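Structure file coords_29.tsv; described as TSV, N, CA and C atoms.
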chain	number	residue	atom	x	y	z
R	16	MET	N	-10.71	-18.86	17.93
R	16	MET	CA	-9.63	-18.65	16.99
R	16	MET	C	-9.87	-17.33	16.25
R	17	LYS	N	-8.84	-16.50	16.17
R	17	LYS	CA	-8.96	-15.22	15.47
R	17	LYS	C	-9.09	-15.44	13.97
R	18	LYS	N	-9.87	-14.54	13.34
R	18	LYS	CA	-10.12	-14.65	11.91
R	18	LYS	C	-9.40	-13.53	11.15
R	19	ILE	N	-8.79	-13.91	10.04
R	19	ILE	CA	-8.09	-12.98	9.16
R	19	ILE	C	-8.74	-13.02	7.79
R	20	MET	N	-9.00	-11.84	7.21
R	20	MET	CA	-9.52	-11.77	5.85
R	20	MET	C	-8.37	-11.37	4.92
R	21	VAL	N	-8.15	-12.21	3.91
R	21	VAL	CA	-7.12	-11.96	2.91
R	21	VAL	C	-7.83	-11.54	1.62
R	22	VAL	N	-7.47	-10.38	1.09
R	22	VAL	CA	-8.09	-9.87	-0.12
R	22	VAL	C	-6.99	-9.63	-1.15
R	23	ASP	N	-6.99	-10.45	-2.20
R	23	ASP	CA	-5.99	-10.34	-3.26
R	23	ASP	C	-6.59	-10.95	-4.51
R	24	ASP	N	-6.34	-10.34	-5.66
R	24	ASP	CA	-6.90	-10.85	-6.91
R	24	ASP	C	-6.15	-12.07	-7.43
R	25	SER	N	-5.01	-12.38	-6.85
R	25	SER	CA	-4.25	-13.56	-7.26
R	25	SER	C	-4.60	-14.75	-6.36
R	26	ALA	N	-5.19	-15.78	-6.96
R	26	ALA	CA	-5.53	-16.99	-6.19
R	26	ALA	C	-4.27	-17.63	-5.63
R	27	THR	N	-3.17	-17.55	-6.35
R	27	THR	CA	-1.91	-18.12	-5.89
R	27	THR	C	-1.44	-17.42	-4.62
R	28	ILE	N	-1.47	-16.11	-4.62
R	28	ILE	CA	-1.05	-15.35	-3.44
R	28	ILE	C	-1.97	-15.65	-2.26
R	29	ARG	N	-3.29	-15.67	-2.52
R	29	ARG	CA	-4.23	-16.00	-1.43
R	29	ARG	C	-3.92	-17.36	-0.84
R	30	ASN	N	-3.64	-18.34	-1.69
R	30	ASN	CA	-3.34	-19.70	-1.20
R	30	ASN	C	-2.05	-19.74	-0.39
R	31	ILE	N	-1.03	-19.03	-0.85
R	31	ILE	CA	0.24	-19.00	-0.12
R	31	ILE	C	0.03	-18.39	1.26
R	32	ILE	N	-0.69	-17.27	1.30
R	32	ILE	CA	-0.95	-16.60	2.58
R	32	ILE	C	-1.80	-17.49	3.47
R	33	LYS	N	-2.87	-18.04	2.91
R	33	LYS	CA	-3.75	-18.90	3.69
R	33	LYS	C	-2.99	-20.09	4.27
R	34	ASN	N	-2.18	-20.74	3.46
R	34	ASN	CA	-1.41	-21.89	3.93
R	34	ASN	C	-0.43	-21.51	5.04
R	35	GLY	N	0.06	-20.27	5.01
R	35	GLY	CA	0.98	-19.82	6.05
R	35	GLY	C	0.30	-19.45	7.36
R	36	LEU	N	-1.02	-19.25	7.31
R	36	LEU	CA	-1.73	-18.77	8.50
R	36	LEU	C	-2.70	-19.76	9.12
R	37	VAL	N	-3.19	-20.75	8.34
R	37	VAL	CA	-4.28	-21.61	8.83
R	37	VAL	C	-3.91	-22.47	10.03
R	38	SER	N	-2.63	-22.64	10.30
R	38	SER	CA	-2.27	-23.43	11.47
R	38	SER	C	-2.64	-22.71	12.78
R	39	GLU	N	-2.76	-21.36	12.71
R	39	GLU	CA	-3.02	-20.60	13.92
R	39	GLU	C	-4.21	-19.65	13.83
R	40	PHE	N	-4.76	-19.49	12.63
R	40	PHE	CA	-5.87	-18.56	12.45
R	40	PHE	C	-6.91	-19.14	11.49
R	41	GLU	N	-8.14	-18.66	11.65
R	41	GLU	CA	-9.16	-18.95	10.65
R	41	GLU	C	-8.98	-17.90	9.56
R	42	VAL	N	-9.01	-18.34	8.30
R	42	VAL	CA	-8.77	-17.42	7.19
R	42	VAL	C	-9.96	-17.42	6.24
R	43	CYS	N	-10.48	-16.22	5.95
R	43	CYS	CA	-11.48	-16.07	4.90
R	43	CYS	C	-10.84	-15.22	3.82
R	44	GLU	N	-11.37	-15.30	2.62
R	44	GLU	CA	-10.71	-14.62	1.52
R	44	GLU	C	-11.69	-14.04	0.51
R	45	ALA	N	-11.20	-13.07	-0.25
R	45	ALA	CA	-11.98	-12.47	-1.33
R	45	ALA	C	-11.00	-12.09	-2.44
R	46	GLU	N	-11.51	-12.06	-3.67
R	46	GLU	CA	-10.64	-11.82	-4.82
R	46	GLU	C	-10.55	-10.36	-5.25
R	47	ASP	N	-11.35	-9.51	-4.65
R	47	ASP	CA	-11.21	-8.07	-4.89
R	47	ASP	C	-11.92	-7.31	-3.78
R	48	GLY	N	-11.72	-6.00	-3.78
R	48	GLY	CA	-12.27	-5.18	-2.71
R	48	GLY	C	-13.78	-5.18	-2.65
R	49	ALA	N	-14.42	-5.18	-3.82
R	49	ALA	CA	-15.89	-5.15	-3.85
R	49	ALA	C	-16.47	-6.42	-3.23
R	50	LYS	N	-15.90	-7.57	-3.57
R	50	LYS	CA	-16.39	-8.83	-2.99
R	50	LYS	C	-16.09	-8.91	-1.51
R	51	ALA	N	-14.95	-8.37	-1.10
R	51	ALA	CA	-14.61	-8.36	0.33
R	51	ALA	C	-15.60	-7.52	1.11
R	52	LEU	N	-15.93	-6.35	0.59
R	52	LEU	CA	-16.86	-5.46	1.28
R	52	LEU	C	-18.22	-6.12	1.44
R	53	GLN	N	-18.65	-6.90	0.45
R	53	GLN	CA	-19.92	-7.63	0.55
R	53	GLN	C	-19.82	-8.76	1.57
R	54	ALA	N	-18.64	-9.40	1.66
R	54	ALA	CA	-18.48	-10.57	2.53
R	54	ALA	C	-18.27	-10.22	4.00
R	55	ILE	N	-17.82	-9.02	4.29
R	55	ILE	CA	-17.49	-8.66	5.68
R	55	ILE	C	-18.66	-8.88	6.64
R	56	PRO	N	-19.88	-8.42	6.33
R	56	PRO	CA	-20.97	-8.61	7.30
R	56	PRO	C	-21.29	-10.07	7.63
R	57	GLU	N	-21.08	-10.95	6.67
R	57	GLU	CA	-21.42	-12.36	6.91
R	57	GLU	C	-20.22	-13.20	7.35
R	58	SER	N	-19.06	-12.57	7.53
R	58	SER	CA	-17.84	-13.30	7.87
R	58	SER	C	-17.60	-13.44	9.37
R	59	GLY	N	-18.48	-12.89	10.19
R	59	GLY	CA	-18.23	-12.93	11.62
R	59	GLY	C	-17.22	-11.84	11.98
R	60	THR	N	-16.64	-11.94	13.16
R	60	THR	CA	-15.69	-10.94	13.60
R	60	THR	C	-14.32	-11.19	12.99
R	61	ILE	N	-13.84	-10.21	12.28
R	61	ILE	CA	-12.53	-10.30	11.63
R	61	ILE	C	-11.53	-9.55	12.51
R	62	SER	N	-10.43	-10.22	12.84
R	62	SER	CA	-9.42	-9.64	13.73
R	62	SER	C	-8.34	-8.86	13.00
R	63	LEU	N	-8.17	-9.15	11.69
R	63	LEU	CA	-7.11	-8.51	10.91
R	63	LEU	C	-7.46	-8.63	9.44
R	64	PHE	N	-7.14	-7.58	8.68
R	64	PHE	CA	-7.32	-7.60	7.23
R	64	PHE	C	-5.95	-7.53	6.57
R	65	LEU	N	-5.75	-8.34	5.53
R	65	LEU	CA	-4.58	-8.26	4.67
R	65	LEU	C	-5.09	-7.89	3.28
R	66	LEU	N	-4.75	-6.70	2.81
R	66	LEU	CA	-5.32	-6.19	1.57
R	66	LEU	C	-4.26	-5.94	0.51
R	67	ASP	N	-4.46	-6.53	-0.65
R	67	ASP	CA	-3.63	-6.22	-1.81
R	67	ASP	C	-3.97	-4.79	-2.23
R	68	VAL	N	-3.02	-4.09	-2.79
R	68	VAL	CA	-3.25	-2.72	-3.22
R	68	VAL	C	-3.91	-2.67	-4.59
R	69	ASN	N	-3.33	-3.35	-5.56
R	69	ASN	CA	-3.81	-3.27	-6.95
R	69	ASN	C	-4.71	-4.46	-7.27
R	70	MET	N	-6.01	-4.17	-7.36
R	70	MET	CA	-7.01	-5.20	-7.68
R	70	MET	C	-8.06	-4.58	-8.60
R	71	PRO	N	-8.74	-5.43	-9.38
R	71	PRO	CA	-9.86	-4.92	-10.18
R	71	PRO	C	-11.09	-4.66	-9.30
R	72	ASN	N	-12.03	-3.95	-9.82
R	72	ASN	CA	-13.32	-3.64	-9.19
R	72	ASN	C	-13.22	-2.68	-8.01
R	73	MET	N	-12.33	-2.93	-7.08
R	73	MET	CA	-12.08	-2.00	-5.98
R	73	MET	C	-10.68	-2.29	-5.46
R	74	ASP	N	-9.82	-1.27	-5.51
R	74	ASP	CA	-8.44	-1.47	-5.06
R	74	ASP	C	-8.36	-1.49	-3.54
R	75	GLY	N	-7.20	-1.87	-3.03
R	75	GLY	CA	-7.03	-2.03	-1.59
R	75	GLY	C	-7.15	-0.75	-0.79
R	76	LEU	N	-6.68	0.38	-1.34
R	76	LEU	CA	-6.79	1.65	-0.60
R	76	LEU	C	-8.24	2.09	-0.48
R	77	THR	N	-9.02	1.88	-1.53
R	77	THR	CA	-10.45	2.21	-1.47
R	77	THR	C	-11.15	1.31	-0.46
R	78	LEU	N	-10.84	0.01	-0.50
R	78	LEU	CA	-11.42	-0.92	0.47
R	78	LEU	C	-11.03	-0.52	1.89
R	79	LEU	N	-9.79	-0.16	2.09
R	79	LEU	CA	-9.32	0.28	3.40
R	79	LEU	C	-10.18	1.42	3.92
R	80	LYS	N	-10.45	2.40	3.10
R	80	LYS	CA	-11.28	3.54	3.50
R	80	LYS	C	-12.70	3.10	3.87
R	81	HIS	N	-13.26	2.17	3.08
R	81	HIS	CA	-14.60	1.66	3.39
R	81	HIS	C	-14.62	0.88	4.71
R	82	ILE	N	-13.59	0.07	4.95
R	82	ILE	CA	-13.52	-0.70	6.19
R	82	ILE	C	-13.47	0.25	7.39
R	83	ARG	N	-12.70	1.31	7.28
R	83	ARG	CA	-12.57	2.27	8.39
R	83	ARG	C	-13.87	3.00	8.67
R	84	GLU	N	-14.80	3.00	7.73
R	84	GLU	CA	-16.11	3.63	7.94
R	84	GLU	C	-17.09	2.70	8.66
R	85	LEU	N	-16.77	1.41	8.75
R	85	LEU	CA	-17.64	0.44	9.43
R	85	LEU	C	-17.40	0.50	10.94
R	86	ASP	N	-18.46	0.67	11.70
R	86	ASP	CA	-18.33	0.84	13.15
R	86	ASP	C	-17.52	-0.27	13.81
R	87	ASN	N	-17.72	-1.51	13.40
R	87	ASN	CA	-17.03	-2.64	14.04
R	87	ASN	C	-15.56	-2.75	13.67
R	88	TYR	N	-15.11	-2.01	12.66
R	88	TYR	CA	-13.74	-2.18	12.16
R	88	TYR	C	-12.93	-0.89	12.12
R	89	LYS	N	-13.36	0.12	12.86
R	89	LYS	CA	-12.63	1.38	12.86
R	89	LYS	C	-11.20	1.23	13.38
R	90	LYS	N	-10.98	0.27	14.28
R	90	LYS	CA	-9.65	0.10	14.88
R	90	LYS	C	-9.03	-1.27	14.61
R	91	THR	N	-9.67	-2.08	13.78
R	91	THR	CA	-9.14	-3.40	13.45
R	91	THR	C	-7.86	-3.24	12.63
R	92	PRO	N	-6.82	-3.99	12.97
R	92	PRO	CA	-5.57	-3.86	12.21
R	92	PRO	C	-5.75	-4.21	10.73
R	93	ILE	N	-5.10	-3.41	9.89
R	93	ILE	CA	-5.11	-3.63	8.44
R	93	ILE	C	-3.68	-3.52	7.94
R	94	LEU	N	-3.21	-4.59	7.30
R	94	LEU	CA	-1.91	-4.60	6.66
R	94	LEU	C	-2.10	-4.62	5.15
R	95	MET	N	-1.36	-3.79	4.45
R	95	MET	CA	-1.43	-3.74	2.99
R	95	MET	C	-0.40	-4.71	2.41
R	96	LEU	N	-0.81	-5.45	1.40
R	96	LEU	CA	0.09	-6.35	0.68
R	96	LEU	C	0.41	-5.66	-0.64
R	97	THR	N	1.67	-5.45	-0.92
R	97	THR	CA	2.00	-4.66	-2.09
R	97	THR	C	3.40	-4.95	-2.63
R	98	THR	N	3.59	-4.60	-3.86
R	98	THR	CA	4.93	-4.61	-4.45
R	98	THR	C	5.50	-3.20	-4.41
R	99	GLU	N	4.70	-2.23	-3.97
R	99	GLU	CA	5.11	-0.82	-3.86
R	99	GLU	C	6.10	-0.65	-2.72
R	100	THR	N	7.17	0.06	-2.97
R	100	THR	CA	8.14	0.34	-1.92
R	100	THR	C	8.35	1.84	-1.72
R	101	LYS	N	7.63	2.66	-2.48
R	101	LYS	CA	7.80	4.11	-2.40
R	101	LYS	C	7.23	4.66	-1.09
R	102	GLU	N	7.91	5.64	-0.55
R	102	GLU	CA	7.47	6.29	0.69
R	102	GLU	C	6.11	6.97	0.49
R	103	GLU	N	5.86	7.47	-0.71
R	103	GLU	CA	4.59	8.13	-1.00
R	103	GLU	C	3.42	7.16	-0.77
R	104	PHE	N	3.56	5.91	-1.21
R	104	PHE	CA	2.51	4.92	-0.99
R	104	PHE	C	2.32	4.68	0.50
R	105	ARG	N	3.41	4.50	1.21
R	105	ARG	CA	3.32	4.22	2.65
R	105	ARG	C	2.59	5.34	3.38
R	106	SER	N	2.91	6.56	3.02
R	106	SER	CA	2.27	7.71	3.64
R	106	SER	C	0.77	7.75	3.32
R	107	THR	N	0.41	7.49	2.07
R	107	THR	CA	-0.99	7.46	1.65
R	107	THR	C	-1.74	6.37	2.40
R	108	ALA	N	-1.16	5.18	2.48
R	108	ALA	CA	-1.80	4.06	3.17
R	108	ALA	C	-1.96	4.35	4.66
R	109	LYS	N	-0.94	4.89	5.26
R	109	LYS	CA	-1.01	5.20	6.70
R	109	LYS	C	-2.08	6.26	6.97
R	110	ASN	N	-2.14	7.29	6.14
R	110	ASN	CA	-3.15	8.34	6.30
R	110	ASN	C	-4.56	7.81	6.11
R	111	ALA	N	-4.71	6.75	5.31
R	111	ALA	CA	-6.03	6.15	5.08
R	111	ALA	C	-6.42	5.19	6.21
R	112	GLY	N	-5.48	4.84	7.09
R	112	GLY	CA	-5.81	3.98	8.23
R	112	GLY	C	-5.09	2.65	8.27
R	113	ALA	N	-4.13	2.43	7.38
R	113	ALA	CA	-3.38	1.17	7.40
R	113	ALA	C	-2.44	1.16	8.61
R	114	ASN	N	-2.27	-0.02	9.20
R	114	ASN	CA	-1.36	-0.18	10.32
R	114	ASN	C	0.05	-0.55	9.88
R	115	GLY	N	0.18	-0.97	8.62
R	115	GLY	CA	1.48	-1.37	8.10
R	115	GLY	C	1.33	-1.97	6.73
R	116	TRP	N	2.43	-2.45	6.19
R	116	TRP	CA	2.41	-3.05	4.86
R	116	TRP	C	3.44	-4.16	4.81
R	117	ILE	N	3.16	-5.09	3.94
R	117	ILE	CA	4.06	-6.22	3.71
R	117	ILE	C	4.36	-6.23	2.22
R	118	VAL	N	5.64	-6.23	1.88
R	118	VAL	CA	6.04	-6.23	0.48
R	118	VAL	C	5.99	-7.66	-0.05
R	119	LYS	N	5.28	-7.81	-1.20
R	119	LYS	CA	5.18	-9.12	-1.84
R	119	LYS	C	6.34	-9.28	-2.81
R	120	PRO	N	6.80	-10.50	-3.03
R	120	PRO	CA	6.38	-11.72	-2.32
R	120	PRO	C	6.98	-11.76	-0.92
R	121	CYS	N	6.27	-12.39	-0.02
R	121	CYS	CA	6.76	-12.48	1.36
R	121	CYS	C	6.86	-13.94	1.76
R	122	GLU	N	7.77	-14.20	2.65
R	122	GLU	CA	7.95	-15.56	3.14
R	122	GLU	C	6.85	-15.85	4.17
R	123	PRO	N	6.22	-17.03	4.09
R	123	PRO	CA	5.13	-17.37	5.01
R	123	PRO	C	5.51	-17.23	6.49
R	124	ASP	N	6.74	-17.61	6.86
R	124	ASP	CA	7.17	-17.50	8.26
R	124	ASP	C	7.20	-16.05	8.72
R	125	LYS	N	7.70	-15.16	7.86
R	125	LYS	CA	7.77	-13.74	8.21
R	125	LYS	C	6.37	-13.13	8.26
R	126	LEU	N	5.49	-13.57	7.38
R	126	LEU	CA	4.11	-13.09	7.39
R	126	LEU	C	3.44	-13.49	8.70
R	127	LEU	N	3.57	-14.76	9.09
R	127	LEU	CA	2.97	-15.25	10.33
R	127	LEU	C	3.51	-14.46	11.53
R	128	GLU	N	4.79	-14.21	11.52
R	128	GLU	CA	5.42	-13.44	12.61
R	128	GLU	C	4.85	-12.01	12.65
R	129	ALA	N	4.70	-11.38	11.50
R	129	ALA	CA	4.15	-10.01	11.45
R	129	ALA	C	2.70	-9.98	11.93
R	130	VAL	N	1.93	-10.96	11.52
R	130	VAL	CA	0.51	-11.04	11.92
R	130	VAL	C	0.40	-11.22	13.43
R	131	LYS	N	1.20	-12.11	13.98
R	131	LYS	CA	1.17	-12.33	15.43
R	131	LYS	C	1.58	-11.07	16.19
R	132	ARG	N	2.58	-10.39	15.66
R	132	ARG	CA	3.06	-9.17	16.32
R	132	ARG	C	1.96	-8.10	16.34
R	133	ILE	N	1.31	-7.89	15.21
R	133	ILE	CA	0.29	-6.83	15.15
R	133	ILE	C	-0.95	-7.20	15.97
R	134	LEU	N	-1.20	-8.50	16.15
R	134	LEU	CA	-2.34	-8.93	16.97
R	134	LEU	C	-1.96	-9.09	18.44
R	135	GLY	N	-0.69	-8.88	18.76
R	135	GLY	CA	-0.25	-8.97	20.15
R	135	GLY	C	-0.23	-10.38	20.69
R	136	ILE	N	0.07	-11.33	19.83
R	136	ILE	CA	0.10	-12.75	20.23
R	136	ILE	C	1.54	-13.20	20.43
Now that the file is in, can you turn its structure into structure tokens?
Amino acid sequence: MKKIMVVDDSATIRNIIKNGLVSEFEVCEAEDGAKALQAIPESGTISLFLLDVNMPNMDGLTLLKHIRELDNYKKTPILMLTTETKEEFRSTAKNAGANGWIVKPCEPDKLLEAVKRILGI
């Protein structure tokens, strides 16, 4: 079963996302970028990252850059979770290595569909 890491400082958002994905994926989670970066080595192989943009301790764009520096995750899909809709953000995220973004709040069915599409399932 493919594993997805959800990183968001909102426990409610993490639970909504997790509940929408656990029927088809293993889900691990972290409440900020710093904790996610610590958890990655012990989480096994992660097939996809879902990263909130605005978090304390380490924001999603910074985490994205750190993930892209890890040999095992240079090409792993990363989707940004955000309330940002500006083209400037999208361009910054794409240049940092994001594969796409999902605007919050998102419907669980649409999230599952997007995750399956990016994983080629």
request  = May I have all residues of chain R that DSSP, computed from the backbone, assigns to helix (DSSP H, G or I), given as a VMD selection string?
outcome  = chain R and resid 26 to 36 48 to 57 75 to 84 86 to 88 102 to 111 123 to 134
Neighbouring residues of Ser25 of chain R were defined as those with any atom within 7 Å, considering all atoms listed in the file; residues of the same chain fewer than 4 positions away were excluded. Please report them as a PDB file with N, CA and C atoms, keeping the file's coordinate frame.
ATOM      1  N   ARG R  29      -3.290 -15.670  -2.520  1.00  0.00           N
ATOM      2  CA  ARG R  29      -4.230 -16.000  -1.430  1.00  0.00           C
ATOM      3  C   ARG R  29      -3.920 -17.360  -0.840  1.00  0.00           C
ATOM      4  N   ASN R  30      -3.640 -18.340  -1.690  1.00  0.00           N
ATOM      5  CA  ASN R  30      -3.340 -19.700  -1.200  1.00  0.00           C
ATOM      6  C   ASN R  30      -2.050 -19.740  -0.390  1.00  0.00           C
ATOM      7  N   GLU R  46     -11.510 -12.060  -3.670  1.00  0.00           N
ATOM      8  CA  GLU R  46     -10.640 -11.820  -4.820  1.00  0.00           C
ATOM      9  C   GLU R  46     -10.550 -10.360  -5.250  1.00  0.00           C
TER      10      GLU R  46
END
task = Could you jot down the atom CA of Met70 of chain R to atom CA of Glu44 of chain R separation for me, Å, one decimal place?
result =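 Between these atoms lies a distance of 13.7 Å.
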ask   = Interatomic distance between atom CA of Lys18 of chain R and atom CA of Glu41 of chain R?
value =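 We find that atom CA of Lys18 of chain R and atom CA of Glu41 of chain R lie 4.6 Å from each other.
Across the model, the gap from atom N of Lys101 of chain R to atom C of Asn34 of chain R is 26.6 Å.
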inquiry  = Excluding segment 53-69 of chain R and its own-chain neighbours fewer than 5 positions away, which residues fall within 7 Å of it when counting only N, CA and C atoms? Please give them as a list in words.
reply    =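 Counting only N, CA and C atoms, the residues come to Lys17, Lys18, Ile19, Met20, Val21, Val22, Asp23, Asp24, Gly48, Asp74, Gly75, Leu76, Thr91, Pro92, Ile93, Leu94, Met95, Leu96, Thr97 and Thr98 of chain R.
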Residues of chain R classed as strand (DSSP E or B) by DSSP on the backbone are to be reported as a PDB file with N, CA and C atoms, in the frame of the given file.
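Written file, result-v4.pdb:
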ATOM      1  N   LYS R  18      -9.870 -14.540  13.340  1.00  0.00           N
ATOM      2  CA  LYS R  18     -10.120 -14.650  11.910  1.00  0.00           C
ATOM      3  C   LYS R  18      -9.400 -13.530  11.150  1.00  0.00           C
ATOM      4  N   ILE R  19      -8.790 -13.910  10.040  1.00  0.00           N
ATOM      5  CA  ILE R  19      -8.090 -12.980   9.160  1.00  0.00           C
ATOM      6  C   ILE R  19      -8.740 -13.020   7.790  1.00  0.00           C
ATOM      7  N   MET R  20      -9.000 -11.840   7.210  1.00  0.00           N
ATOM      8  CA  MET R  20      -9.520 -11.770   5.850  1.00  0.00           C
ATOM      9  C   MET R  20      -8.370 -11.370   4.920  1.00  0.00           C
ATOM     10  N   VAL R  21      -8.150 -12.210   3.910  1.00  0.00           N
ATOM     11  CA  VAL R  21      -7.120 -11.960   2.910  1.00  0.00           C
ATOM     12  C   VAL R  21      -7.830 -11.540   1.620  1.00  0.00           C
ATOM     13  N   VAL R  22      -7.470 -10.380   1.090  1.00  0.00           N
ATOM     14  CA  VAL R  22      -8.090  -9.870  -0.120  1.00  0.00           C
ATOM     15  C   VAL R  22      -6.990  -9.630  -1.150  1.00  0.00           C
ATOM     16  N   GLU R  41      -8.140 -18.660  11.650  1.00  0.00           N
ATOM     17  CA  GLU R  41      -9.160 -18.950  10.650  1.00  0.00           C
ATOM     18  C   GLU R  41      -8.980 -17.900   9.560  1.00  0.00           C
ATOM     19  N   VAL R  42      -9.010 -18.340   8.300  1.00  0.00           N
ATOM     20  CA  VAL R  42      -8.770 -17.420   7.190  1.00  0.00           C
ATOM     21  C   VAL R  42      -9.960 -17.420   6.240  1.00  0.00           C
ATOM     22  N   CYS R  43     -10.480 -16.220   5.950  1.00  0.00           N
ATOM     23  CA  CYS R  43     -11.480 -16.070   4.900  1.00  0.00           C
ATOM     24  C   CYS R  43     -10.840 -15.220   3.820  1.00  0.00           C
ATOM     25  N   GLU R  44     -11.370 -15.300   2.620  1.00  0.00           N
ATOM     26  CA  GLU R  44     -10.710 -14.620   1.520  1.00  0.00           C
ATOM     27  C   GLU R  44     -11.690 -14.040   0.510  1.00  0.00           C
ATOM     28  N   ALA R  45     -11.200 -13.070  -0.250  1.00  0.00           N
ATOM     29  CA  ALA R  45     -11.980 -12.470  -1.330  1.00  0.00           C
ATOM     30  C   ALA R  45     -11.000 -12.090  -2.440  1.00  0.00           C
ATOM     31  N   LEU R  63      -8.170  -9.150  11.690  1.00  0.00           N
ATOM     32  CA  LEU R  63      -7.110  -8.510  10.910  1.00  0.00           C
ATOM     33  C   LEU R  63      -7.460  -8.630   9.440  1.00  0.00           C
ATOM     34  N   PHE R  64      -7.140  -7.580   8.680  1.00  0.00           N
ATOM     35  CA  PHE R  64      -7.320  -7.600   7.230  1.00  0.00           C
ATOM     36  C   PHE R  64      -5.950  -7.530   6.570  1.00  0.00           C
ATOM     37  N   LEU R  65      -5.750  -8.340   5.530  1.00  0.00           N
ATOM     38  CA  LEU R  65      -4.580  -8.260   4.670  1.00  0.00           C
ATOM     39  C   LEU R  65      -5.090  -7.890   3.280  1.00  0.00           C
ATOM     40  N   LEU R  66      -4.750  -6.700   2.810  1.00  0.00           N
ATOM     41  CA  LEU R  66      -5.320  -6.190   1.570  1.00  0.00           C
ATOM     42  C   LEU R  66      -4.260  -5.940   0.510  1.00  0.00           C
ATOM     43  N   ASP R  67      -4.460  -6.530  -0.650  1.00  0.00           N
ATOM     44  CA  ASP R  67      -3.630  -6.220  -1.810  1.00  0.00           C
ATOM     45  C   ASP R  67      -3.970  -4.790  -2.230  1.00  0.00           C
ATOM     46  N   ILE R  93      -5.100  -3.410   9.890  1.00  0.00           N
ATOM     47  CA  ILE R  93      -5.110  -3.630   8.440  1.00  0.00           C
ATOM     48  C   ILE R  93      -3.680  -3.520   7.940  1.00  0.00           C
ATOM     49  N   LEU R  94      -3.210  -4.590   7.300  1.00  0.00           N
ATOM     50  CA  LEU R  94      -1.910  -4.600   6.660  1.00  0.00           C
ATOM     51  C   LEU R  94      -2.100  -4.620   5.150  1.00  0.00           C
ATOM     52  N   MET R  95      -1.360  -3.790   4.450  1.00  0.00           N
ATOM     53  CA  MET R  95      -1.430  -3.740   2.990  1.00  0.00           C
ATOM     54  C   MET R  95      -0.400  -4.710   2.410  1.00  0.00           C
ATOM     55  N   LEU R  96      -0.810  -5.450   1.400  1.00  0.00           N
ATOM     56  CA  LEU R  96       0.090  -6.350   0.680  1.00  0.00           C
ATOM     57  C   LEU R  96       0.410  -5.660  -0.640  1.00  0.00           C
ATOM     58  N   THR R  97       1.670  -5.450  -0.920  1.00  0.00           N
ATOM     59  CA  THR R  97       2.000  -4.660  -2.090  1.00  0.00           C
ATOM     60  C   THR R  97       3.400  -4.950  -2.630  1.00  0.00           C
ATOM     61  N   GLY R 115       0.180  -0.970   8.620  1.00  0.00           N
ATOM     62  CA  GLY R 115       1.480  -1.370   8.100  1.00  0.00           C
ATOM     63  C   GLY R 115       1.330  -1.970   6.730  1.00  0.00           C
ATOM     64  N   TRP R 116       2.430  -2.450   6.190  1.00  0.00           N
ATOM     65  CA  TRP R 116       2.410  -3.050   4.860  1.00  0.00           C
ATOM     66  C   TRP R 116       3.440  -4.160   4.810  1.00  0.00           C
ATOM     67  N   ILE R 117       3.160  -5.090   3.940  1.00  0.00           N
ATOM     68  CA  ILE R 117       4.060  -6.220   3.710  1.00  0.00           C
ATOM     69  C   ILE R 117       4.360  -6.230   2.220  1.00  0.00           C
ATOM     70  N   VAL R 118       5.640  -6.230   1.880  1.00  0.00           N
ATOM     71  CA  VAL R 118       6.040  -6.230   0.480  1.00  0.00           C
ATOM     72  C   VAL R 118       5.990  -7.660  -0.050  1.00  0.00           C
TER      73      VAL R 118
END
task = Rank R:Leu78, R:Leu134, R:Leu85, R:Leu127 by their smallest atom-to-atom distance to Asn114 of chain R, using only C-alpha atoms, and report the top residue only.
result =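 Ranked by minimum distance to Asn114 of chain R, first place goes to R:Leu134.
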